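Inspection log for the structure reproduced underneath, given as structure tokens.
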Amino acid sequence: MANAATIKEHIEKLYCRYKKPVVILGHSKGGLDAAAALSIYWNKLGDKVVGLVLAQSPYAGNPIASDILRQGLLKHVNLKKEIMEIVMSGILNGDLSAIEDLTYEKRREFLRSYPLPREIPVVSFHTETKINMSILTKFYEVANVKFSITATAGVKNSSKISVPWPLSSMLAVMAALLKLRYGEKSDGLVTRKDAEAPGSVVVRPQRNLDHEWMVLPSLNEDRKEANNCQVIEALFTLLIEVALRKGFLVPAN
């Protein structure tokens with residue numbers, strides 16, 4: 001609720017400053033916060049917003065959050081640090097208390113009380129990431145290698161460091177687990193079906209893109225494919241088109 005109120009204030013400030021309606025893109029949990037702002041404050045924001053793009057947002061809920069609470073893992077002393085880091089950085093933005101809000105039960109409860117207004121144009125964008133077992137095994141081996149650092153001459157101390165497991169690899173692991181457990185395709189955090197808001201125009205790219213790609217693109221991307229900035233621009237263009245078709249915007253002369 002607090003994030004929704006903050007977003008409402010930002011929208012009002014932008015509208016007041018530029019005298020033009022605002023186009024919103026929310027990534028991951030940011031999409032849920034933006035949708036909540038529009039749902040709760042629609043009577044004040046209806047004339048100030050063109051539409052909403054939900055990018056890789058767990059609109060219907062998140063199985064990881066549901067499993068964590070169902071199994072009481074938050075209170076378990078042996079909870080894997082890597083899993084918590086993924087949940088924290090990828091969806092929760094550092095707020096453990098937000099886990100409960102992402103469970104299917106809580107999301108259904110919230111959406112019953114605050115559904116998105118039917119008239120607002122919405123575009124849902126979601127992706128899938130996957131990895132074959134041979135590459136997964138190699139990542140596992142690399143992640144557990146430790147290198148010895150020998151001190152300079154005359155110093156006896158030495159130390160060891162662990163090679164960090166790249167976030168993209170962790171997301172691929174999570175995607176594999178979600179596929180095995182639920183039979184659902186995902187970006188490593190959000191299943192594709194959970195990322196589709198009812199009544200929205202849905203964009204389902206077939207490329208191998210994980211949850212971090214929208215905000216942290218790979219340096220080794222294929223230049224023949226659109227990068228994240230180009231995709232965001234295309235999503236905004238699509239949203240404007242949807243808004244025009246719905247009569248939510250008046251075409252410029």
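If you're wondering about the labels, chains in the structure tokens are A, B, ... by order shown, residues count from 1 in each chain, ligands from 1 in order shown.
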Close residues, range 189-201 of chain A itself excluded, 6 Å, only C-alpha atoms, min 4 positions apart in chain, as JSON, numbers by chain:
{"A": [56, 57, 58, 59, 60, 122, 123, 124, 126, 185]}
Quick one: everything within 8 Å of Pro21 in chain A, counting only C-alpha atoms, minus sequence neighbours fewer than 3 positions away in the same chain. Send it as a ChimeraX atom specification.
/A:15,47-50
Could you give me, as a CSV table (one decimal) with all heavy atoms, in the first residue's frame, the residues within 12 Å of Leu238 in chain A, counting only C-alpha atoms and dropping anything in the same chain fewer than 2 positions from it?
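Generated output (part03.csv):
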chain,number,residue,atom,x,y,z
A,23,VAL,N,2.7,7.3,-19.1
A,23,VAL,CA,2.8,5.9,-19.5
A,23,VAL,C,3.7,5.2,-18.5
A,23,VAL,O,4.8,5.6,-18.2
A,23,VAL,CB,3.4,5.7,-20.9
A,23,VAL,CG1,3.5,4.3,-21.3
A,23,VAL,CG2,2.6,6.5,-21.9
A,50,VAL,N,-2.0,6.9,-19.3
A,50,VAL,CA,-2.3,6.3,-20.6
A,50,VAL,C,-2.6,4.8,-20.5
A,50,VAL,O,-3.5,4.3,-21.1
A,50,VAL,CB,-1.2,6.6,-21.6
A,50,VAL,CG1,-1.4,5.8,-22.9
A,50,VAL,CG2,-1.0,8.1,-21.9
A,51,GLY,N,-1.7,4.1,-19.8
A,51,GLY,CA,-1.8,2.7,-19.6
A,51,GLY,C,-0.6,2.1,-18.9
A,51,GLY,O,0.3,2.9,-18.4
A,52,LEU,N,-0.6,0.8,-18.8
A,52,LEU,CA,0.4,0.1,-17.9
A,52,LEU,C,1.1,-1.0,-18.7
A,52,LEU,O,0.4,-1.8,-19.3
A,52,LEU,CB,-0.2,-0.4,-16.6
A,52,LEU,CG,0.6,-1.3,-15.7
A,52,LEU,CD1,1.8,-0.6,-15.1
A,52,LEU,CD2,-0.3,-1.9,-14.6
A,53,VAL,N,2.4,-1.1,-18.6
A,53,VAL,CA,3.1,-2.3,-19.1
A,53,VAL,C,3.6,-3.1,-17.9
A,53,VAL,O,4.3,-2.5,-17.0
A,53,VAL,CB,4.3,-1.9,-20.0
A,53,VAL,CG1,5.1,-3.2,-20.4
A,53,VAL,CG2,3.9,-1.1,-21.2
A,121,PRO,N,-5.7,0.5,-20.6
A,121,PRO,CA,-4.9,-0.4,-21.5
A,121,PRO,C,-3.7,-1.0,-20.7
A,121,PRO,O,-3.0,-0.3,-20.0
A,121,PRO,CB,-4.4,0.6,-22.5
A,121,PRO,CG,-5.3,1.7,-22.5
A,121,PRO,CD,-5.7,1.9,-21.0
A,122,VAL,N,-3.6,-2.3,-20.8
A,122,VAL,CA,-2.5,-3.0,-20.1
A,122,VAL,C,-1.8,-4.0,-21.1
A,122,VAL,O,-2.5,-4.7,-21.9
A,122,VAL,CB,-3.0,-3.9,-18.9
A,122,VAL,CG1,-1.9,-4.6,-18.2
A,122,VAL,CG2,-3.7,-2.9,-17.9
A,123,VAL,N,-0.5,-4.0,-21.1
A,123,VAL,CA,0.3,-4.9,-21.9
A,123,VAL,C,1.1,-5.8,-20.9
A,123,VAL,O,1.8,-5.2,-20.0
A,123,VAL,CB,1.3,-4.2,-22.8
A,123,VAL,CG1,2.3,-5.2,-23.5
A,123,VAL,CG2,0.5,-3.5,-23.9
A,124,SER,N,1.0,-7.1,-21.0
A,124,SER,CA,1.8,-8.0,-20.2
A,124,SER,C,3.0,-8.6,-21.0
A,124,SER,O,2.8,-9.1,-22.1
A,124,SER,CB,1.0,-9.2,-19.7
A,124,SER,OG,-0.1,-8.7,-18.8
A,125,PHE,N,4.2,-8.5,-20.5
A,125,PHE,CA,5.4,-9.0,-21.2
A,125,PHE,C,6.0,-10.1,-20.3
A,125,PHE,O,6.3,-9.8,-19.1
A,125,PHE,CB,6.3,-7.9,-21.5
A,125,PHE,CG,7.7,-8.3,-22.0
A,125,PHE,CD1,7.9,-8.6,-23.3
A,125,PHE,CD2,8.8,-8.4,-21.1
A,125,PHE,CE1,9.1,-9.0,-23.8
A,125,PHE,CE2,10.0,-8.8,-21.6
A,125,PHE,CZ,10.2,-9.1,-23.0
A,200,SER,N,-5.4,-8.3,-20.6
A,200,SER,CA,-4.2,-7.5,-21.2
A,200,SER,C,-3.8,-8.0,-22.6
A,200,SER,O,-4.1,-9.2,-22.9
A,200,SER,CB,-3.0,-7.5,-20.3
A,200,SER,OG,-2.5,-8.8,-20.1
A,201,VAL,N,-3.1,-7.2,-23.3
A,201,VAL,CA,-2.5,-7.6,-24.5
A,201,VAL,C,-1.1,-8.3,-24.1
A,201,VAL,O,-0.3,-7.7,-23.4
A,201,VAL,CB,-2.2,-6.5,-25.5
A,201,VAL,CG1,-1.4,-6.9,-26.7
A,201,VAL,CG2,-3.5,-5.8,-25.9
A,202,VAL,N,-0.9,-9.5,-24.5
A,202,VAL,CA,0.2,-10.3,-24.0
A,202,VAL,C,1.3,-10.5,-25.1
A,202,VAL,O,1.0,-10.8,-26.2
A,202,VAL,CB,-0.2,-11.7,-23.5
A,202,VAL,CG1,1.0,-12.5,-23.0
A,202,VAL,CG2,-1.3,-11.6,-22.5
A,203,VAL,N,2.5,-10.2,-24.6
A,203,VAL,CA,3.7,-10.3,-25.5
A,203,VAL,C,4.5,-11.5,-25.0
A,203,VAL,O,5.0,-11.5,-23.8
A,203,VAL,CB,4.6,-9.1,-25.5
A,203,VAL,CG1,5.8,-9.3,-26.4
A,203,VAL,CG2,3.7,-7.9,-26.0
A,231,VAL,N,13.3,-3.2,-26.7
A,231,VAL,CA,12.0,-3.9,-26.4
A,231,VAL,C,11.1,-3.1,-25.5
A,231,VAL,O,9.9,-3.0,-25.7
A,231,VAL,CB,12.4,-5.2,-25.6
A,231,VAL,CG1,11.1,-5.8,-24.9
A,231,VAL,CG2,13.0,-6.3,-26.5
A,232,ILE,N,11.7,-2.3,-24.6
A,232,ILE,CA,10.9,-1.4,-23.8
A,232,ILE,C,10.2,-0.3,-24.7
A,232,ILE,O,9.0,0.0,-24.5
A,232,ILE,CB,11.8,-0.7,-22.7
A,232,ILE,CG1,12.2,-1.7,-21.6
A,232,ILE,CG2,11.0,0.5,-22.0
A,232,ILE,CD1,13.2,-1.2,-20.6
A,233,GLU,N,11.0,0.2,-25.6
A,233,GLU,CA,10.4,1.2,-26.5
A,233,GLU,C,9.2,0.6,-27.3
A,233,GLU,O,8.2,1.2,-27.5
A,233,GLU,CB,11.5,1.7,-27.5
A,233,GLU,CG,11.0,2.8,-28.4
A,233,GLU,CD,12.1,3.3,-29.3
A,233,GLU,OE1,13.3,3.0,-29.1
A,233,GLU,OE2,11.8,4.1,-30.2
A,234,ALA,N,9.4,-0.7,-27.8
A,234,ALA,CA,8.4,-1.4,-28.5
A,234,ALA,C,7.1,-1.6,-27.7
A,234,ALA,O,6.0,-1.5,-28.1
A,234,ALA,CB,8.9,-2.7,-29.1
A,235,LEU,N,7.4,-1.9,-26.4
A,235,LEU,CA,6.2,-2.2,-25.5
A,235,LEU,C,5.4,-0.9,-25.3
A,235,LEU,O,4.2,-0.9,-25.2
A,235,LEU,CB,6.7,-2.7,-24.2
A,235,LEU,CG,7.3,-4.2,-24.2
A,235,LEU,CD1,7.9,-4.5,-22.9
A,235,LEU,CD2,6.2,-5.2,-24.6
A,236,PHE,N,6.1,0.2,-25.1
A,236,PHE,CA,5.5,1.5,-25.0
A,236,PHE,C,4.7,1.8,-26.2
A,236,PHE,O,3.5,2.3,-26.2
A,236,PHE,CB,6.5,2.6,-24.7
A,236,PHE,CG,6.9,2.7,-23.3
A,236,PHE,CD1,8.2,3.0,-22.9
A,236,PHE,CD2,6.0,2.5,-22.2
A,236,PHE,CE1,8.6,3.1,-21.6
A,236,PHE,CE2,6.4,2.7,-20.9
A,236,PHE,CZ,7.7,3.0,-20.6
A,240,ILE,N,0.6,2.4,-26.5
A,240,ILE,CA,0.0,3.6,-27.1
A,240,ILE,C,-1.1,3.2,-28.1
A,240,ILE,O,-2.2,3.7,-28.2
A,240,ILE,CB,1.0,4.5,-27.7
A,240,ILE,CG1,1.9,5.1,-26.6
A,240,ILE,CG2,0.3,5.7,-28.4
A,240,ILE,CD1,1.3,5.9,-25.6
A,241,GLU,N,-0.7,2.2,-28.9
A,241,GLU,CA,-1.6,1.7,-30.0
A,241,GLU,C,-2.9,1.1,-29.4
A,241,GLU,O,-4.0,1.3,-29.9
A,241,GLU,CB,-0.8,0.6,-30.8
A,241,GLU,CG,-1.3,0.5,-32.2
A,241,GLU,CD,-0.4,-0.4,-33.0
A,241,GLU,OE1,0.7,-0.1,-33.3
A,241,GLU,OE2,-0.9,-1.5,-33.4
A,242,VAL,N,-2.7,0.3,-28.3
A,242,VAL,CA,-3.8,-0.3,-27.6
A,242,VAL,C,-4.7,0.8,-27.0
A,242,VAL,O,-6.0,0.8,-27.1
A,242,VAL,CB,-3.4,-1.2,-26.5
A,242,VAL,CG1,-4.6,-1.7,-25.7
A,242,VAL,CG2,-2.6,-2.4,-27.1
A,243,ALA,N,-4.1,1.9,-26.5
A,243,ALA,CA,-4.8,3.0,-25.9
A,243,ALA,C,-5.6,3.7,-26.9
A,243,ALA,O,-6.8,4.1,-26.7
A,243,ALA,CB,-3.9,3.9,-25.2
A,244,LEU,N,-5.1,3.9,-28.1
A,244,LEU,CA,-5.8,4.6,-29.2
A,244,LEU,C,-6.9,3.7,-29.7
A,244,LEU,O,-8.0,4.3,-29.9
A,244,LEU,CB,-4.8,4.8,-30.4
A,244,LEU,CG,-3.7,5.9,-30.2
A,244,LEU,CD1,-2.7,5.9,-31.3
A,244,LEU,CD2,-4.4,7.3,-30.1
A,245,ARG,N,-6.8,2.4,-29.8
A,245,ARG,CA,-7.8,1.5,-30.2
A,245,ARG,C,-9.0,1.5,-29.3
A,245,ARG,O,-10.2,1.4,-29.6
A,245,ARG,CB,-7.3,0.1,-30.5
A,245,ARG,CG,-6.4,0.0,-31.6
A,245,ARG,CD,-5.9,-1.5,-31.8
A,245,ARG,NE,-5.0,-1.6,-32.9
A,245,ARG,CZ,-4.4,-2.8,-33.2
A,245,ARG,NH1,-4.6,-3.9,-32.5
A,245,ARG,NH2,-3.6,-2.8,-34.3
CA of Ala176 in chain A and CA of Tyr104 in chain A are how many Å apart?
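We find that CA of Ala176 in chain A and CA of Tyr104 in chain A lie 20.5 Å from each other.
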Calculate how many Å separate CA of Ala55 in chain A from CA of Met1 in chain A, rounding to one decimal.
20.0 Å
Nearby residues (only C-alpha atoms) at most 7 Å from Tyr114 in chain A, same-chain spacing under 4 positions excluded, as a ChimeraX atom specification:
/A:39-40,110
Selection to disk with N, CA, C and O atoms, as a PDB file, in the first residue's frame:
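This went into result_2.pdb:
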ATOM      1  N   SER A  39      -5.280   0.655  -9.293  1.00  0.00           N
ATOM      2  CA  SER A  39      -6.495   0.013  -8.789  1.00  0.00           C
ATOM      3  C   SER A  39      -7.078   0.769  -7.597  1.00  0.00           C
ATOM      4  O   SER A  39      -8.288   1.002  -7.526  1.00  0.00           O
ATOM      5  N   ILE A  40      -6.208   1.166  -6.671  1.00  0.00           N
ATOM      6  CA  ILE A  40      -6.665   1.814  -5.439  1.00  0.00           C
ATOM      7  C   ILE A  40      -7.065   3.266  -5.669  1.00  0.00           C
ATOM      8  O   ILE A  40      -8.045   3.755  -5.101  1.00  0.00           O
ATOM      9  N   PHE A 110      -6.104  -9.789  -2.662  1.00  0.00           N
ATOM     10  CA  PHE A 110      -5.903  -8.389  -3.041  1.00  0.00           C
ATOM     11  C   PHE A 110      -6.664  -8.053  -4.319  1.00  0.00           C
ATOM     12  O   PHE A 110      -7.316  -6.997  -4.407  1.00  0.00           O
TER      13      PHE A 110
END
For Glu225 in chain A, list every protein, DNA or RNA residue within 12 Å, evaluated using only C-alpha atoms, and leave out those in the same chain fewer than 6 positions away; present the list as a CSV table (one decimal) with N, CA and C atoms, in the first residue's frame.
chain,number,residue,atom,x,y,z
A,205,PRO,N,7.7,-13.4,-26.1
A,205,PRO,CA,8.9,-13.7,-26.9
A,205,PRO,C,9.4,-15.1,-26.7
A,206,GLN,N,9.9,-15.6,-27.8
A,206,GLN,CA,10.5,-17.0,-27.8
A,206,GLN,C,11.9,-17.1,-27.4
A,207,ARG,N,12.6,-15.9,-27.3
A,207,ARG,CA,14.0,-15.9,-26.9
A,207,ARG,C,14.3,-16.4,-25.5
A,208,ASN,N,15.5,-16.8,-25.3
A,208,ASN,CA,15.9,-17.3,-24.0
A,208,ASN,C,16.3,-16.1,-23.1
A,209,LEU,N,15.3,-15.5,-22.4
A,209,LEU,CA,15.5,-14.3,-21.6
A,209,LEU,C,15.1,-14.6,-20.1
A,231,VAL,N,13.3,-3.2,-26.7
A,231,VAL,CA,12.0,-3.9,-26.4
A,231,VAL,C,11.1,-3.1,-25.5
What's around Leu178 in chain A at 10 Å? Count only C-alpha atoms, leave out sequence neighbours fewer than 4 positions away in its own chain, and write the answer as a list of chain:residue names.
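Surrounding residues, per the criterion: A:Pro63, A:Ile64, A:Ala172, A:Val173, A:Met174, A:Tyr182, A:Gly183, A:Glu184, A:Lys185, A:Ser186, A:Asp187, A:Gly188, A:Leu189, A:Val190, A:Thr191.
Between CA of Ala37 in chain A and CA of Ile7 in chain A the interatomic distance comes to 6.4 Å.
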